[in-house]
$ cat work-v5.pdb   # PDB, C-alpha atoms
ATOM      1  CA  MET P   1     -38.456  39.927 -63.391
ATOM      2  CA  ALA P   2     -39.059  37.877 -66.505
ATOM      3  CA  ARG P   3     -42.757  37.311 -65.824
ATOM      4  CA  PRO P   4     -45.080  38.660 -68.549
ATOM      5  CA  PHE P   5     -47.216  40.233 -65.833
ATOM      6  CA  LYS P   6     -46.759  42.159 -62.608
ATOM      7  CA  ILE P   7     -48.236  41.260 -59.271
ATOM      8  CA  ILE P   8     -49.045  44.290 -57.160
ATOM      9  CA  LEU P   9     -49.905  44.117 -53.474
ATOM     10  CA  GLY P  10     -51.598  47.115 -51.848
ATOM     11  CA  ILE P  11     -51.313  47.506 -48.082
ATOM     12  CA  ASP P  12     -53.183  49.876 -45.785
ATOM     13  CA  PRO P  13     -51.328  49.380 -42.487
ATOM     14  CA  GLY P  14     -52.842  49.823 -39.049
ATOM     15  CA  SER P  15     -52.217  48.262 -35.640
ATOM     16  CA  GLN P  16     -55.857  47.124 -35.447
ATOM     17  CA  PHE P  17     -56.646  46.383 -39.080
ATOM     18  CA  THR P  18     -54.149  46.076 -41.917
ATOM     19  CA  GLY P  19     -55.965  45.880 -45.241
ATOM     20  CA  PHE P  20     -54.460  44.116 -48.229
ATOM     21  CA  GLY P  21     -55.485  43.784 -51.857
ATOM     22  CA  ALA P  22     -53.553  42.170 -54.683
ATOM     23  CA  VAL P  23     -53.936  42.456 -58.448
ATOM     24  CA  LYS P  24     -52.192  41.044 -61.472
ATOM     25  CA  SER P  25     -51.607  43.119 -64.578
ATOM     26  CA  ASP P  26     -50.221  42.217 -67.973
ATOM     27  CA  GLY P  27     -50.005  45.915 -68.856
ATOM     28  CA  ASP P  28     -53.499  45.851 -70.292
ATOM     29  CA  GLN P  29     -56.039  44.049 -68.110
ATOM     30  CA  VAL P  30     -56.015  44.332 -64.332
ATOM     31  CA  GLU P  31     -57.183  41.158 -62.626
ATOM     32  CA  LEU P  32     -58.063  40.782 -58.969
ATOM     33  CA  LEU P  33     -56.090  38.167 -57.055
ATOM     34  CA  SER P  34     -57.225  38.567 -53.457
ATOM     35  CA  TYR P  35     -58.098  41.049 -50.782
ATOM     36  CA  GLY P  36     -58.811  41.029 -47.073
ATOM     37  CA  VAL P  37     -57.780  42.299 -43.674
ATOM     38  CA  ILE P  38     -55.109  41.220 -41.198
ATOM     39  CA  ALA P  39     -56.943  41.681 -37.907
ATOM     40  CA  PRO P  40     -54.944  40.518 -34.871
ATOM     41  CA  PRO P  41     -57.277  39.654 -31.939
ATOM     42  CA  SER P  42     -58.093  42.961 -30.237
ATOM     43  CA  ASN P  43     -57.577  41.493 -26.759
ATOM     44  CA  LEU P  44     -53.885  40.852 -27.457
ATOM     45  CA  PRO P  45     -51.235  43.310 -26.203
ATOM     46  CA  PHE P  46     -50.052  45.859 -28.767
ATOM     47  CA  ASN P  47     -46.615  44.230 -29.226
ATOM     48  CA  GLU P  48     -48.164  40.865 -30.030
ATOM     49  CA  ARG P  49     -50.516  42.444 -32.538
ATOM     50  CA  ILE P  50     -47.522  43.997 -34.324
ATOM     51  CA  ALA P  51     -45.811  40.592 -34.417
ATOM     52  CA  ILE P  52     -48.936  39.027 -35.963
ATOM     53  CA  ILE P  53     -49.020  41.739 -38.632
ATOM     54  CA  ALA P  54     -45.362  40.999 -39.489
ATOM     55  CA  GLU P  55     -46.066  37.273 -39.633
ATOM     56  CA  GLU P  56     -49.174  37.546 -41.798
ATOM     57  CA  MET P  57     -47.434  40.031 -44.052
ATOM     58  CA  GLU P  58     -44.583  37.580 -44.605
ATOM     59  CA  ALA P  59     -47.113  34.846 -45.408
ATOM     60  CA  LEU P  60     -48.807  37.117 -47.980
ATOM     61  CA  LEU P  61     -45.467  38.010 -49.580
ATOM     62  CA  GLU P  62     -44.507  34.361 -49.705
ATOM     63  CA  LYS P  63     -47.815  33.380 -51.317
ATOM     64  CA  LEU P  64     -48.213  36.262 -53.760
ATOM     65  CA  ARG P  65     -44.575  37.154 -54.507
ATOM     66  CA  PRO P  66     -45.529  40.700 -55.524
ATOM     67  CA  ASP P  67     -43.218  42.650 -57.814
ATOM     68  CA  VAL P  68     -44.393  45.779 -56.083
ATOM     69  CA  THR P  69     -45.864  46.507 -52.668
ATOM     70  CA  VAL P  70     -47.857  49.740 -52.535
ATOM     71  CA  VAL P  71     -48.237  51.328 -49.119
ATOM     72  CA  GLU P  72     -50.386  54.281 -48.211
ATOM     73  CA  LYS P  73     -48.355  57.465 -47.765
ATOM     74  CA  ILE P  74     -49.412  59.288 -44.642
ATOM     75  CA  PHE P  75     -49.649  62.994 -43.984
ATOM     76  CA  LEU P  76     -49.148  63.186 -40.274
ATOM     77  CA  GLY P  77     -51.564  65.086 -38.134
ATOM     78  CA  LYS P  78     -50.668  66.450 -34.733
ATOM     79  CA  ASN P  79     -51.312  63.266 -32.795
ATOM     80  CA  ALA P  80     -47.894  61.815 -31.940
ATOM     81  CA  ASP P  81     -49.478  58.825 -30.205
ATOM     82  CA  SER P  82     -51.401  57.599 -33.247
ATOM     83  CA  ALA P  83     -48.412  58.316 -35.521
ATOM     84  CA  PHE P  84     -46.282  56.204 -33.164
ATOM     85  CA  LYS P  85     -48.726  53.259 -33.206
ATOM     86  CA  LEU P  86     -49.228  53.423 -36.958
ATOM     87  CA  GLY P  87     -45.441  53.613 -37.348
ATOM     88  CA  HIS P  88     -45.064  50.245 -35.593
ATOM     89  CA  ALA P  89     -47.514  48.518 -37.955
ATOM     90  CA  ARG P  90     -46.020  50.211 -40.995
ATOM     91  CA  GLY P  91     -42.457  49.362 -39.925
ATOM     92  CA  ALA P  92     -43.323  45.678 -39.586
ATOM     93  CA  VAL P  93     -45.022  45.640 -43.009
ATOM     94  CA  ILE P  94     -42.339  47.598 -44.865
ATOM     95  CA  ALA P  95     -39.440  45.631 -43.369
ATOM     96  CA  ALA P  96     -41.090  42.409 -44.553
ATOM     97  CA  ALA P  97     -41.722  43.764 -48.075
ATOM     98  CA  VAL P  98     -38.177  45.072 -48.566
ATOM     99  CA  ARG P  99     -36.714  41.826 -47.263
ATOM    100  CA  ALA P 100     -38.909  39.839 -49.658
ATOM    101  CA  GLU P 101     -37.351  41.922 -52.456
ATOM    102  CA  SER P 102     -40.633  43.506 -53.401
ATOM    103  CA  GLU P 103     -40.237  47.082 -54.594
ATOM    104  CA  VAL P 104     -41.997  49.434 -52.163
ATOM    105  CA  VAL P 105     -43.871  52.456 -53.491
ATOM    106  CA  GLU P 106     -46.028  54.914 -51.604
ATOM    107  CA  TYR P 107     -48.990  57.012 -52.716
ATOM    108  CA  ALA P 108     -51.115  59.471 -50.825
ATOM    109  CA  THR P 109     -54.836  58.584 -50.634
ATOM    110  CA  ARG P 110     -55.757  61.771 -52.475
ATOM    111  CA  ILE P 111     -53.684  60.805 -55.513
ATOM    112  CA  VAL P 112     -55.202  57.322 -55.564
ATOM    113  CA  LYS P 113     -58.754  58.662 -55.269
ATOM    114  CA  LYS P 114     -58.129  61.188 -58.016
ATOM    115  CA  GLY P 115     -56.528  58.549 -60.237
ATOM    116  CA  ILE P 116     -59.398  56.117 -59.804
ATOM    117  CA  THR P 117     -62.479  58.346 -59.714
ATOM    118  CA  GLY P 118     -61.187  61.637 -61.086
ATOM    119  CA  ASN P 119     -61.887  63.270 -57.730
ATOM    120  CA  GLY P 120     -59.306  63.543 -54.930
ATOM    121  CA  ASN P 121     -62.085  63.926 -52.381
ATOM    122  CA  ALA P 122     -64.164  60.922 -53.500
ATOM    123  CA  THR P 123     -65.823  58.867 -50.747
ATOM    124  CA  LYS P 124     -64.697  55.326 -49.993
ATOM    125  CA  GLU P 125     -67.971  54.107 -51.567
ATOM    126  CA  GLN P 126     -67.276  55.943 -54.831
ATOM    127  CA  VAL P 127     -63.787  54.444 -55.007
ATOM    128  CA  GLN P 128     -65.196  51.007 -54.272
ATOM    129  CA  LEU P 129     -67.801  51.305 -57.022
ATOM    130  CA  VAL P 130     -65.221  52.091 -59.712
ATOM    131  CA  LEU P 131     -62.860  49.451 -58.394
ATOM    132  CA  PHE P 132     -65.483  46.726 -58.354
ATOM    133  CA  ALA P 133     -66.869  47.639 -61.744
ATOM    134  CA  ALA P 134     -63.379  47.645 -63.287
ATOM    135  CA  MET P 135     -62.546  44.213 -61.920
ATOM    136  CA  ASN P 136     -66.027  42.794 -62.331
ATOM    137  CA  LEU P 137     -66.584  42.131 -58.653
ATOM    138  CA  LYS P 138     -69.808  41.786 -56.767
ATOM    139  CA  ALA P 139     -68.832  41.152 -53.161
ATOM    140  CA  LYS P 140     -68.520  43.861 -50.525
ATOM    141  CA  ALA P 141     -65.098  44.544 -49.032
ATOM    142  CA  GLN P 142     -64.205  45.847 -45.588
ATOM    143  CA  ALA P 143     -63.026  49.460 -45.830
ATOM    144  CA  ASP P 144     -59.355  48.680 -45.076
ATOM    145  CA  ALA P 145     -59.266  45.920 -47.696
ATOM    146  CA  SER P 146     -60.873  48.160 -50.276
ATOM    147  CA  ASP P 147     -58.400  50.994 -49.550
ATOM    148  CA  ALA P 148     -55.541  48.542 -50.021
ATOM    149  CA  LEU P 149     -57.029  47.239 -53.255
ATOM    150  CA  ALA P 150     -57.377  50.809 -54.495
ATOM    151  CA  LEU P 151     -53.625  51.336 -53.955
ATOM    152  CA  ALA P 152     -52.779  48.209 -55.963
ATOM    153  CA  PHE P 153     -55.293  48.990 -58.704
ATOM    154  CA  TYR P 154     -54.085  52.568 -59.020
ATOM    155  CA  HIS P 155     -50.487  51.426 -59.352
ATOM    156  CA  ALA P 156     -51.448  48.808 -61.978
ATOM    157  CA  ARG P 157     -53.311  51.398 -64.061
ATOM    158  CA  ASN P 158     -50.468  53.814 -63.675
ATOM    159  CA  LEU P 159     -48.032  51.204 -64.987
ATOM    160  CA  GLU P 160     -50.296  50.431 -67.876
ATOM    161  CA  VAL P 161     -50.510  54.030 -68.944
ATOM    162  CA  ARG P 162     -46.766  54.460 -68.638
ATOM    163  CA  ALA P 163     -46.150  51.286 -70.630
ATOM    164  CA  LYS P 164     -48.266  52.639 -73.468
ATOM    165  CA  GLY P 165     -46.415  55.947 -73.407
ATOM    166  CA  MET P 166     -49.522  57.995 -72.788
ATOM    167  CA  GLU P 167     -49.550  61.233 -70.881
ATOM    168  CA  LEU P 168     -50.585  60.852 -67.244
TER     169      LEU P 168
ATOM    170  CA  MET O   1     -36.890  27.985 -19.755
ATOM    171  CA  ALA O   2     -34.832  25.376 -17.952
ATOM    172  CA  ARG O   3     -31.537  27.284 -18.231
ATOM    173  CA  PRO O   4     -29.908  28.150 -14.871
ATOM    174  CA  PHE O   5     -29.409  31.687 -16.130
ATOM    175  CA  LYS O   6     -31.297  34.325 -18.051
ATOM    176  CA  ILE O   7     -30.114  36.133 -21.140
ATOM    177  CA  ILE O   8     -31.392  39.661 -21.368
ATOM    178  CA  LEU O   9     -31.160  41.797 -24.504
ATOM    179  CA  GLY O  10     -31.633  45.556 -24.177
ATOM    180  CA  ILE O  11     -32.637  47.506 -27.272
ATOM    181  CA  ASP O  12     -32.733  51.258 -27.836
ATOM    182  CA  PRO O  13     -34.499  51.505 -31.197
ATOM    183  CA  GLY O  14     -34.028  54.289 -33.707
ATOM    184  CA  SER O  15     -34.220  54.520 -37.491
ATOM    185  CA  GLN O  16     -30.622  55.802 -37.659
ATOM    186  CA  PHE O  17     -28.999  53.945 -34.754
ATOM    187  CA  THR O  18     -30.471  51.022 -32.855
ATOM    188  CA  GLY O  19     -28.369  50.265 -29.795
ATOM    189  CA  PHE O  20     -28.178  46.779 -28.321
ATOM    190  CA  GLY O  21     -26.619  45.366 -25.186
ATOM    191  CA  ALA O  22     -26.893  41.818 -23.847
ATOM    192  CA  VAL O  23     -26.159  40.415 -20.403
ATOM    193  CA  LYS O  24     -26.394  37.036 -18.747
ATOM    194  CA  SER O  25     -27.501  36.660 -15.153
ATOM    195  CA  ASP O  26     -27.650  33.636 -12.882
ATOM    196  CA  GLY O  27     -29.691  35.650 -10.369
ATOM    197  CA  ASP O  28     -26.547  36.809  -8.613
ATOM    198  CA  GLN O  29     -23.798  37.994 -10.983
ATOM    199  CA  VAL O  30     -24.542  39.977 -14.103
ATOM    200  CA  GLU O  31     -22.132  39.250 -16.919
ATOM    201  CA  LEU O  32     -21.765  41.236 -20.135
ATOM    202  CA  LEU O  33     -22.283  39.287 -23.357
ATOM    203  CA  SER O  34     -22.120  41.923 -26.073
ATOM    204  CA  TYR O  35     -23.130  45.398 -27.072
ATOM    205  CA  GLY O  36     -23.125  47.558 -30.147
ATOM    206  CA  VAL O  37     -25.161  49.520 -32.611
ATOM    207  CA  ILE O  38     -27.186  48.537 -35.676
ATOM    208  CA  ALA O  39     -26.415  51.434 -38.007
ATOM    209  CA  PRO O  40     -27.908  51.042 -41.486
ATOM    210  CA  PRO O  41     -25.980  53.126 -44.069
ATOM    211  CA  SER O  42     -27.348  56.651 -43.803
ATOM    212  CA  ASN O  43     -27.517  57.043 -47.592
ATOM    213  CA  LEU O  44     -30.130  54.274 -47.877
ATOM    214  CA  PRO O  45     -33.823  55.162 -48.169
ATOM    215  CA  PHE O  46     -35.779  55.035 -44.894
ATOM    216  CA  ASN O  47     -37.681  51.835 -45.835
ATOM    217  CA  GLU O  48     -34.462  49.961 -46.532
ATOM    218  CA  ARG O  49     -32.971  51.105 -43.243
ATOM    219  CA  ILE O  50     -36.016  49.698 -41.417
ATOM    220  CA  ALA O  51     -35.585  46.366 -43.242
ATOM    221  CA  ILE O  52     -31.920  46.232 -42.188
ATOM    222  CA  ILE O  53     -32.897  46.858 -38.568
ATOM    223  CA  ALA O  54     -35.402  43.965 -38.754
ATOM    224  CA  GLU O  55     -32.791  41.698 -40.325
ATOM    225  CA  GLU O  56     -30.011  42.530 -37.858
ATOM    226  CA  MET O  57     -32.446  42.204 -34.958
ATOM    227  CA  GLU O  58     -33.399  38.706 -36.121
ATOM    228  CA  ALA O  59     -29.723  37.802 -36.362
ATOM    229  CA  LEU O  60     -29.133  39.032 -32.787
ATOM    230  CA  LEU O  61     -32.134  37.077 -31.484
ATOM    231  CA  GLU O  62     -30.949  33.977 -33.300
ATOM    232  CA  LYS O  63     -27.431  34.300 -31.874
ATOM    233  CA  LEU O  64     -28.258  35.312 -28.321
ATOM    234  CA  ARG O  65     -31.649  33.616 -27.805
ATOM    235  CA  PRO O  66     -32.622  36.076 -25.064
ATOM    236  CA  ASP O  67     -35.244  35.079 -22.491
ATOM    237  CA  VAL O  68     -36.219  38.722 -22.286
ATOM    238  CA  THR O  69     -35.910  41.667 -24.652
ATOM    239  CA  VAL O  70     -36.011  45.020 -22.903
ATOM    240  CA  VAL O  71     -37.084  47.982 -25.008
ATOM    241  CA  GLU O  72     -37.033  51.619 -24.035
ATOM    242  CA  LYS O  73     -40.501  52.919 -23.188
ATOM    243  CA  ILE O  74     -41.102  56.262 -24.817
ATOM    244  CA  PHE O  75     -42.980  59.266 -23.564
ATOM    245  CA  LEU O  76     -44.088  60.925 -26.720
ATOM    246  CA  GLY O  77     -43.435  64.580 -27.269
ATOM    247  CA  LYS O  78     -45.432  66.670 -29.687
ATOM    248  CA  ASN O  79     -43.493  65.755 -32.791
ATOM    249  CA  ALA O  80     -45.675  63.338 -34.762
ATOM    250  CA  ASP O  81     -43.023  62.969 -37.464
ATOM    251  CA  SER O  82     -40.292  61.691 -35.146
ATOM    252  CA  ALA O  83     -42.798  59.465 -33.300
ATOM    253  CA  PHE O  84     -43.788  58.007 -36.681
ATOM    254  CA  LYS O  85     -40.189  57.272 -37.701
ATOM    255  CA  LEU O  86     -39.267  55.842 -34.317
ATOM    256  CA  GLY O  87     -42.452  53.741 -34.479
ATOM    257  CA  HIS O  88     -41.224  52.073 -37.674
ATOM    258  CA  ALA O  89     -37.896  51.041 -36.091
ATOM    259  CA  ARG O  90     -39.579  49.943 -32.885
ATOM    260  CA  GLY O  91     -42.236  47.947 -34.755
ATOM    261  CA  ALA O  92     -39.588  46.044 -36.715
ATOM    262  CA  VAL O  93     -37.631  45.275 -33.532
ATOM    263  CA  ILE O  94     -40.611  44.284 -31.391
ATOM    264  CA  ALA O  95     -42.200  42.085 -34.069
ATOM    265  CA  ALA O  96     -38.911  40.168 -34.357
ATOM    266  CA  ALA O  97     -38.576  39.749 -30.573
ATOM    267  CA  VAL O  98     -42.141  38.509 -30.048
ATOM    268  CA  ARG O  99     -41.809  36.104 -32.971
ATOM    269  CA  ALA O 100     -38.538  34.754 -31.542
ATOM    270  CA  GLU O 101     -40.522  33.997 -28.359
ATOM    271  CA  SER O 102     -38.506  36.410 -26.281
ATOM    272  CA  GLU O 103     -40.573  38.094 -23.571
ATOM    273  CA  VAL O 104     -40.765  41.842 -24.261
ATOM    274  CA  VAL O 105     -40.637  44.287 -21.359
ATOM    275  CA  GLU O 106     -40.455  48.071 -21.476
ATOM    276  CA  TYR O 107     -38.968  50.561 -19.038
ATOM    277  CA  ALA O 108     -38.810  54.321 -19.135
ATOM    278  CA  THR O 109     -35.291  55.801 -19.174
ATOM    279  CA  ARG O 110     -35.935  57.622 -15.905
ATOM    280  CA  ILE O 111     -36.674  54.358 -14.067
ATOM    281  CA  VAL O 112     -33.532  52.752 -15.479
ATOM    282  CA  LYS O 113     -31.352  55.732 -14.539
ATOM    283  CA  LYS O 114     -32.795  55.819 -11.048
ATOM    284  CA  GLY O 115     -32.374  52.063 -10.632
ATOM    285  CA  ILE O 116     -28.758  52.128 -11.772
ATOM    286  CA  THR O 117     -27.410  55.371 -10.298
ATOM    287  CA  GLY O 118     -30.028  56.296  -7.693
ATOM    288  CA  ASN O 119     -30.854  59.415  -9.718
ATOM    289  CA  GLY O 120     -33.581  59.555 -12.368
ATOM    290  CA  ASN O 121     -31.875  62.559 -13.945
ATOM    291  CA  ALA O 122     -28.376  61.069 -14.130
ATOM    292  CA  THR O 123     -26.324  61.863 -17.240
ATOM    293  CA  LYS O 124     -25.451  59.185 -19.799
ATOM    294  CA  GLU O 125     -21.857  59.350 -18.539
ATOM    295  CA  GLN O 126     -22.889  58.649 -14.934
ATOM    296  CA  VAL O 127     -24.964  55.654 -16.049
ATOM    297  CA  GLN O 128     -22.064  54.399 -18.135
ATOM    298  CA  LEU O 129     -19.623  54.670 -15.215
ATOM    299  CA  VAL O 130     -21.762  52.523 -12.926
ATOM    300  CA  LEU O 131     -22.517  50.071 -15.679
ATOM    301  CA  PHE O 132     -18.905  49.625 -16.657
ATOM    302  CA  ALA O 133     -17.691  49.350 -13.077
ATOM    303  CA  ALA O 134     -20.353  46.741 -12.286
ATOM    304  CA  MET O 135     -19.430  44.610 -15.273
ATOM    305  CA  ASN O 136     -15.709  45.288 -15.089
ATOM    306  CA  LEU O 137     -15.454  46.916 -18.470
ATOM    307  CA  LYS O 138     -12.916  49.330 -19.759
ATOM    308  CA  ALA O 139     -13.935  50.097 -23.333
ATOM    309  CA  LYS O 140     -16.052  53.062 -24.345
ATOM    310  CA  ALA O 141     -19.474  52.405 -25.793
ATOM    311  CA  GLN O 142     -21.437  54.486 -28.260
ATOM    312  CA  ALA O 143     -24.321  56.238 -26.475
ATOM    313  CA  ASP O 144     -27.061  54.084 -28.051
ATOM    314  CA  ALA O 145     -25.245  50.874 -27.155
ATOM    315  CA  SER O 146     -24.730  52.046 -23.602
ATOM    316  CA  ASP O 147     -28.415  53.010 -23.239
ATOM    317  CA  ALA O 148     -29.391  49.553 -24.461
ATOM    318  CA  LEU O 149     -26.957  47.886 -22.096
ATOM    319  CA  ALA O 150     -28.394  49.943 -19.229
ATOM    320  CA  LEU O 151     -31.864  48.547 -20.007
ATOM    321  CA  ALA O 152     -30.589  44.959 -19.940
ATOM    322  CA  PHE O 153     -28.500  45.521 -16.817
ATOM    323  CA  TYR O 154     -31.370  47.184 -14.955
ATOM    324  CA  HIS O 155     -33.694  44.305 -15.798
ATOM    325  CA  ALA O 156     -31.095  41.754 -14.663
ATOM    326  CA  ARG O 157     -30.630  43.527 -11.326
ATOM    327  CA  ASN O 158     -34.345  43.862 -10.933
ATOM    328  CA  LEU O 159     -34.775  40.112 -11.457
ATOM    329  CA  GLU O 160     -32.046  39.409  -8.979
ATOM    330  CA  VAL O 161     -33.642  41.518  -6.292
ATOM    331  CA  ARG O 162     -37.022  39.967  -6.920
ATOM    332  CA  ALA O 163     -35.545  36.473  -6.835
ATOM    333  CA  LYS O 164     -34.098  37.185  -3.404
ATOM    334  CA  GLY O 165     -37.442  38.519  -2.138
ATOM    335  CA  MET O 166     -36.098  41.939  -1.227
ATOM    336  CA  GLU O 167     -38.134  45.109  -1.400
ATOM    337  CA  LEU O 168     -37.546  47.145  -4.522
TER     338      LEU O 168
END
$ encode --input "work-v5.pdb" --output "structure tokens"
Amino acid sequence: MARPFKIILGIDPGSQFTGFGAVKSDGDQVELLSYGVIAPPSNLPFNERIAIIAEEMEALLEKLRPDVTVVEKIFLGKNADSAFKLGHARGAVIAAAVRAESEVVEYATRIVKKGITGNGNATKEQVQLVLFAAMNLKAKAQADASDALALAFYHARNLEVRAKGMEL
Amino acid sequence: MARPFKIILGIDPGSQFTGFGAVKSDGDQVELLSYGVIAPPSNLPFNERIAIIAEEMEALLEKLRPDVTVVEKIFLGKNADSAFKLGHARGAVIAAAVRAESEVVEYATRIVKKGITGNGNATKEQVQLVLFAAMNLKAKAQADASDALALAFYHARNLEVRAKGMEL
């Protein structure tokens, strides 16, 4: 990409709520572009909700043209049913990102929390405070949107540090 | 749909092999259209394989324009990891089918086996024998393709019986 900045889209997939948050970084400043939640009507059948997630994801990719899509890396518990459902949402999102030629990277929540707040066990509120202060935001974000934004922000900061050749 | 026949696409999703089998039925005869396997190169990363499944599925839907897409209904075991992976493939396939305005129906393997051979515990070979005899086929099919074809064939027969008002 010849752009002098990177657009990074964070995604926190889920069959009920898929959070997204996008930032732009020139390797120095990280600027917020947008954030929100894809929330297919809860009265729709599961399969239709997955189709809506795919559709909205494609629309986001088309609009934002992210260089990188950052997806939450999951450590699976013992519940095969929830892993199966989450897999459907994640499959729809990842297929769209790869096909839109956005690089896909994955980070575990713990790494993102540690990178942003210094503490891998930070609460969602603590992460949100740092995030909003860093990007000079005042509004409140829904939890899924804020988790997604944290993924994008973490990746942007990570890039920045690497670009400057500092130790991580 | 105003067509005097239905096109039915069976899909057996998997992140390594996604079988497909399509039939055409006028409510009396069931005719084979095509079958095969979507097999993304095994050396590709998982996310890219899922994107290829989505892409090939869209191409199939575009070519065949099925009225109905029949997907295997899964009874989840205890393995969250395999449920998660299968979920990704299934999510990509189902999102494409719903978006192509194909009705999505799901049947458990046991029901399909029982409907085709009379025995819910029939082997893959027994199912394949009936299937191939009924559609006058001689070639061998890869297991995933044959499972997918069984789903489509069962649905077509089921439709037929319902159309004639017989008891199932």
$ atom_distance --input "work-v5.pdb" --atom1 "atom CA of Ala156 of chain O" --atom2 "atom CA of Glu31 of chain O"
9.6 Å
$ closest_atom_pairs --input "work-v5.pdb" --of "chain P" --to "chain O" --cutoff "9 Å" --atoms "only C-alpha atoms" --output "tab-separated table"
residue	atom	partner	partner_atom	distance
P:Asn47	CA	O:Ile94	CA	6.4
P:Glu48	CA	O:Val98	CA	6.5
P:Arg49	CA	O:Ala95	CA	8.5
P:Ile50	CA	O:Ala95	CA	5.7
P:Ala51	CA	O:Ala95	CA	3.9
P:Ile52	CA	O:Ala95	CA	7.6
P:Ile53	CA	O:Ala95	CA	8.2
P:Ala54	CA	O:Ala95	CA	6.4
P:Glu55	CA	O:Arg99	CA	8.0
P:Leu76	CA	O:Ala80	CA	6.5
P:Gly77	CA	O:Ala80	CA	7.0
P:Lys78	CA	O:Ala80	CA	5.9
P:Asn79	CA	O:Ala80	CA	6.0
P:Ala80	CA	O:Ala80	CA	3.9
P:Asp81	CA	O:Leu76	CA	6.8
P:Ser82	CA	O:Ala80	CA	8.2
P:Ala83	CA	O:Phe84	CA	4.8
P:Phe84	CA	O:Phe84	CA	4.7
P:Lys85	CA	O:Gly87	CA	6.4
P:Leu86	CA	O:Phe84	CA	7.1
P:Gly87	CA	O:Gly87	CA	4.1
P:His88	CA	O:Gly91	CA	3.7
P:Ala89	CA	O:Gly91	CA	6.2
P:Arg90	CA	O:His88	CA	6.1
P:Gly91	CA	O:His88	CA	3.7
P:Ala92	CA	O:Ala92	CA	4.7
P:Val93	CA	O:Ala92	CA	8.3
P:Ile94	CA	O:Asn47	CA	6.4
P:Ala95	CA	O:Ala51	CA	3.9
P:Ala96	CA	O:Ala51	CA	6.9
P:Ala97	CA	O:Ala51	CA	8.2
P:Val98	CA	O:Ala51	CA	6.1
P:Arg99	CA	O:Ala51	CA	6.2
P:Val104	CA	O:Asn47	CA	8.0
$ write_last_selection --input "work-v5.pdb" --atoms "C-alpha atoms" --output "short mmCIF file (atom, residue, chain, number, x, y, z; two decimals), in the coordinates of the input"
data_model
loop_
_atom_site.label_atom_id
_atom_site.label_comp_id
_atom_site.auth_asym_id
_atom_site.auth_seq_id
_atom_site.Cartn_x
_atom_site.Cartn_y
_atom_site.Cartn_z
CA ASN P 47 -46.62 44.23 -29.23
CA GLU P 48 -48.16 40.86 -30.03
CA ARG P 49 -50.52 42.44 -32.54
CA ILE P 50 -47.52 44.00 -34.32
CA ALA P 51 -45.81 40.59 -34.42
CA ILE P 52 -48.94 39.03 -35.96
CA ILE P 53 -49.02 41.74 -38.63
CA ALA P 54 -45.36 41.00 -39.49
CA GLU P 55 -46.07 37.27 -39.63
CA LEU P 76 -49.15 63.19 -40.27
CA GLY P 77 -51.56 65.09 -38.13
CA LYS P 78 -50.67 66.45 -34.73
CA ASN P 79 -51.31 63.27 -32.80
CA ALA P 80 -47.89 61.82 -31.94
CA ASP P 81 -49.48 58.82 -30.20
CA SER P 82 -51.40 57.60 -33.25
CA ALA P 83 -48.41 58.32 -35.52
CA PHE P 84 -46.28 56.20 -33.16
CA LYS P 85 -48.73 53.26 -33.21
CA LEU P 86 -49.23 53.42 -36.96
CA GLY P 87 -45.44 53.61 -37.35
CA HIS P 88 -45.06 50.24 -35.59
CA ALA P 89 -47.51 48.52 -37.96
CA ARG P 90 -46.02 50.21 -41.00
CA GLY P 91 -42.46 49.36 -39.92
CA ALA P 92 -43.32 45.68 -39.59
CA VAL P 93 -45.02 45.64 -43.01
CA ILE P 94 -42.34 47.60 -44.86
CA ALA P 95 -39.44 45.63 -43.37
CA ALA P 96 -41.09 42.41 -44.55
CA ALA P 97 -41.72 43.76 -48.08
CA VAL P 98 -38.18 45.07 -48.57
CA ARG P 99 -36.71 41.83 -47.26
CA VAL P 104 -42.00 49.43 -52.16
#
$ residues_around --input "work-v5.pdb" --residues "Ala145 of chain O" --least-positions-apart "5" --cutoff "12 Å" --atoms "all atoms listed in the file" --output "ChimeraX atom specification"
/O:9-14,17-22,34-39,124,128,131,139-140,150-152
$ atom_distance --input "work-v5.pdb" --atom1 "atom CA of Ala108 of chain P" --atom2 "atom CA of Pro40 of chain O"
26.4 Å
$ resolve_selection --input "work-v5.pdb" --expression "the PyMOL selection byres ((chain P and resi 3-6) around 12)" --output "PyMOL selection string"
chain P and resi 1-2+7-9+22-33+64-69+102-103+152-153+155-157+159-160
$ atom_distance --input "work-v5.pdb" --atom1 "atom CA of Leu129 of chain P" --atom2 "atom CA of Ala141 of chain P"
10.8 Å
$ residues_around --input "work-v5.pdb" --residues "Gln126 of chain O" --least-positions-apart "5" --cutoff "12 Å" --atoms "only C-alpha atoms" --output "JSON, numbers by chain"
{"O": [113, 114, 116, 117, 118, 119, 120, 121, 131, 132, 133, 143, 146, 147, 150]}
